Each structure stands twice: as C-alpha cells, then as structure tokens.
Amino acid sequence: MIGSLRGTVVERMPDGRKLSIERVVFPAIVGEGALYAMATNDYWIDARRPDTYLDANLHLVHSGAAPAIHSAATVSEDVEVADAVVGAGARVGRGASLRRSVILPGAVVGRDAIVSGSLVMGVVGDGAVVIDSVIGKDGVVEAGEALSGIKRPDEPRG
C-alpha cells in the first residue's frame with residue numbers, strides 16, 4: 001500500500017520551490033509537539049533521485065500494483081520491454097529496446113532505439129542509444145546519437 005500525506009502537512013509546503021520535507025516540515029511539527037508515528041508495513045521510498053524513482057516504479061510493476069505498459073501508451077509489437085515502465089501517451093517505435101527504464105507519459109522513443117537504466121520524459125530519436133541517463137521533458141536525443149550518464153537538458157546552474 002502506498003501512503004499519502006495529510007492535508008495539514010501538505011499545507012505547510014510552500015508552492016513553487018524545492019523543499020526537504022524531512023528537514024523543514026517535520027521538524028516544525030515536532031517543535032509544536034504535533035508529530036506522531038504509527039508502525040506500518042506500507043512501502044515507502046524517497047524517490048527524488050533518478051535511481052530511486054526508477055526503483056519505485058519497477059517495484060510497483062513487480063508487485064502488480066501498476067501495469068508495465070499503460071493502456072494509453074503506443075508501443076509497437078516488436079519492442080523489447082524488459083523490466084521497464086511505459087507511461088500513458090508515451091510512444092515507442094518498432095524495434096526499440098527498453099531495459100530497466102521508465103518512459104514517462106508523453107515521451108517518445110524512436111525506431112530501433114535502445115534505452116537502458118534511464119528515465120525519459122522527452123524524445124529519443126531513431127537508432128539512438130541512451131544508457132544510465134535522464135532525458136527531461138525538453139530533452140532531445142538525436143537519431144543515431146549515443147549517450148551514457150547524461151542529463152539532458154543539463155540542470156540549470158545557480
């Protein structure tokens with residue numbers, strides 16, 4: 001079972017900026033003497049890093065809580081899907097190979113592309129190879145390009 005946060009906790013989280021709930025919100029509630037805990041067998045994972053986000057999605061598929069391929073995804077019949085998740089509205093072309101990856105809603109993976117150990121929100125062109133990478137919503141991997149260990153577009157520097 002996947003738990004959720006109560007409204008009173010969510011209300012303490014400011015809109016539009018990053019926040020560490022365990023370093024900001026929970027200590028404030030502790031200071032008020034209002035934080036309580038309850039033992040549970042629920043599944044909990046901090047999924048803010050790409051590797052833990054990938055693990056959490058694969059756990060949901062392995063446990064039967066979510067399908068590997070969403071019914072609203074378009075995946076050609078000859079696509080290899082091994083330990084991967086394909087979200088709603090995603091499109092995966094003929095001959096592509098998806099291994100231990102999450103293809104998020106609306107993402108596009110071209111014909112004969114290989115995606116392994118990666119998160120894809122943007123576009124992976126025909127015949128491209130993407131390994132251990134994060135392709136963001138505005139990220140594009142050109143046809144035939146090979147990437148390993150890349151974030152695209154690059155994270156903004158502040």
# chains A, B, ... in the order shown; residues from 1 in each chain; ligands from 1

call {"tool": "select_by_dssp", "arguments": {"residues": "chain A", "states": "alpha helix (DSSP H)", "output": "short mmCIF file (atom, residue, chain, number, x, y, z; two decimals) with C-alpha atoms, in the first residue's frame"}}
result
data_model
loop_
_atom_site.label_atom_id
_atom_site.label_comp_id
_atom_site.auth_asym_id
_atom_site.auth_seq_id
_atom_site.Cartn_x
_atom_site.Cartn_y
_atom_site.Cartn_z
CA GLY A 7 -3.64 17.96 4.14
CA THR A 8 -2.23 19.67 7.24
CA VAL A 9 1.28 18.50 6.28
CA VAL A 10 0.86 19.43 2.62
CA VAL A 25 8.24 20.45 7.63
CA PHE A 26 8.68 17.54 10.05
CA PRO A 27 10.99 19.47 12.46
CA ALA A 28 8.44 22.32 12.57
CA ILE A 29 5.69 19.87 13.51
CA VAL A 30 7.98 18.27 16.14
CA GLY A 31 8.61 21.74 17.60
CA PRO A 50 16.61 9.14 -10.62
CA ASP A 51 17.81 5.74 -9.35
CA THR A 52 15.28 5.58 -6.50
CA TYR A 53 12.50 6.90 -8.77
CA LEU A 54 13.31 4.08 -11.19
CA ASP A 55 13.35 1.53 -8.35
CA ALA A 56 9.99 2.76 -7.01
CA ASN A 57 8.32 2.46 -10.42
CA LEU A 58 9.74 -1.01 -11.02
CA HIS A 59 8.61 -2.07 -7.54
CA LEU A 60 5.04 -1.04 -8.39
CA VAL A 61 5.15 -3.11 -11.57
CA HIS A 62 6.73 -6.16 -9.88
#

call {"tool": "closest_atom_pairs", "arguments": {"of": "range 34-114 of chain A", "to": "range 121-131 of chain A", "cutoff": "12 Å", "atoms": "only C-alpha atoms", "output": "Markdown table"}}
result
| residue | atom | partner | partner_atom | distance |
| --- | --- | --- | --- | --- |
| A:Val86 | CA | A:Met121 | CA | 10.5 |
| A:Gly87 | CA | A:Met121 | CA | 9.7 |
| A:Ala88 | CA | A:Met121 | CA | 11.5 |
| A:Gly89 | CA | A:Met121 | CA | 11.1 |
| A:Ala90 | CA | A:Met121 | CA | 8.9 |
| A:Arg91 | CA | A:Val123 | CA | 9.6 |
| A:Val92 | CA | A:Val124 | CA | 9.4 |
| A:Gly93 | CA | A:Asp126 | CA | 8.1 |
| A:Arg94 | CA | A:Asp126 | CA | 9.4 |
| A:Gly95 | CA | A:Gly127 | CA | 9.2 |
| A:Ala96 | CA | A:Gly127 | CA | 8.0 |
| A:Ser97 | CA | A:Val129 | CA | 9.5 |
| A:Leu98 | CA | A:Val130 | CA | 9.8 |
| A:Arg99 | CA | A:Ile131 | CA | 9.4 |
| A:Arg100 | CA | A:Ile131 | CA | 10.0 |
| A:Ser101 | CA | A:Ile131 | CA | 9.3 |
| A:Val102 | CA | A:Met121 | CA | 8.7 |
| A:Ile103 | CA | A:Met121 | CA | 6.4 |
| A:Leu104 | CA | A:Met121 | CA | 5.2 |
| A:Pro105 | CA | A:Met121 | CA | 7.1 |
| A:Gly106 | CA | A:Met121 | CA | 7.0 |
| A:Ala107 | CA | A:Met121 | CA | 4.8 |
| A:Val108 | CA | A:Val123 | CA | 4.7 |
| A:Val109 | CA | A:Val124 | CA | 4.7 |
| A:Gly110 | CA | A:Asp126 | CA | 4.2 |
| A:Arg111 | CA | A:Asp126 | CA | 4.6 |
| A:Asp112 | CA | A:Gly127 | CA | 4.7 |
| A:Ala113 | CA | A:Gly127 | CA | 4.2 |
| A:Ile114 | CA | A:Val129 | CA | 4.7 |

call {"tool": "atom_distance", "arguments": {"atom1": "CA of Thr40 in chain A", "atom2": "CA of Glu11 in chain A"}}
result
23.7 Å

call {"tool": "residues_around", "arguments": {"residues": "range 149-151 of chain A", "least_positions_apart": "3", "cutoff": "12 Å", "atoms": "only C-alpha atoms", "output": "MDAnalysis selection string"}}
result
chainID A and resid 50:51 115:122 129:141 146 154:156

call {"tool": "residues_around", "arguments": {"residues": "Ile69 in chain A", "least_positions_apart": "3", "cutoff": "9 Å", "atoms": "only C-alpha atoms", "output": "PyMOL selection string"}}
result
chain A and resi 66+72-75+81+84-88
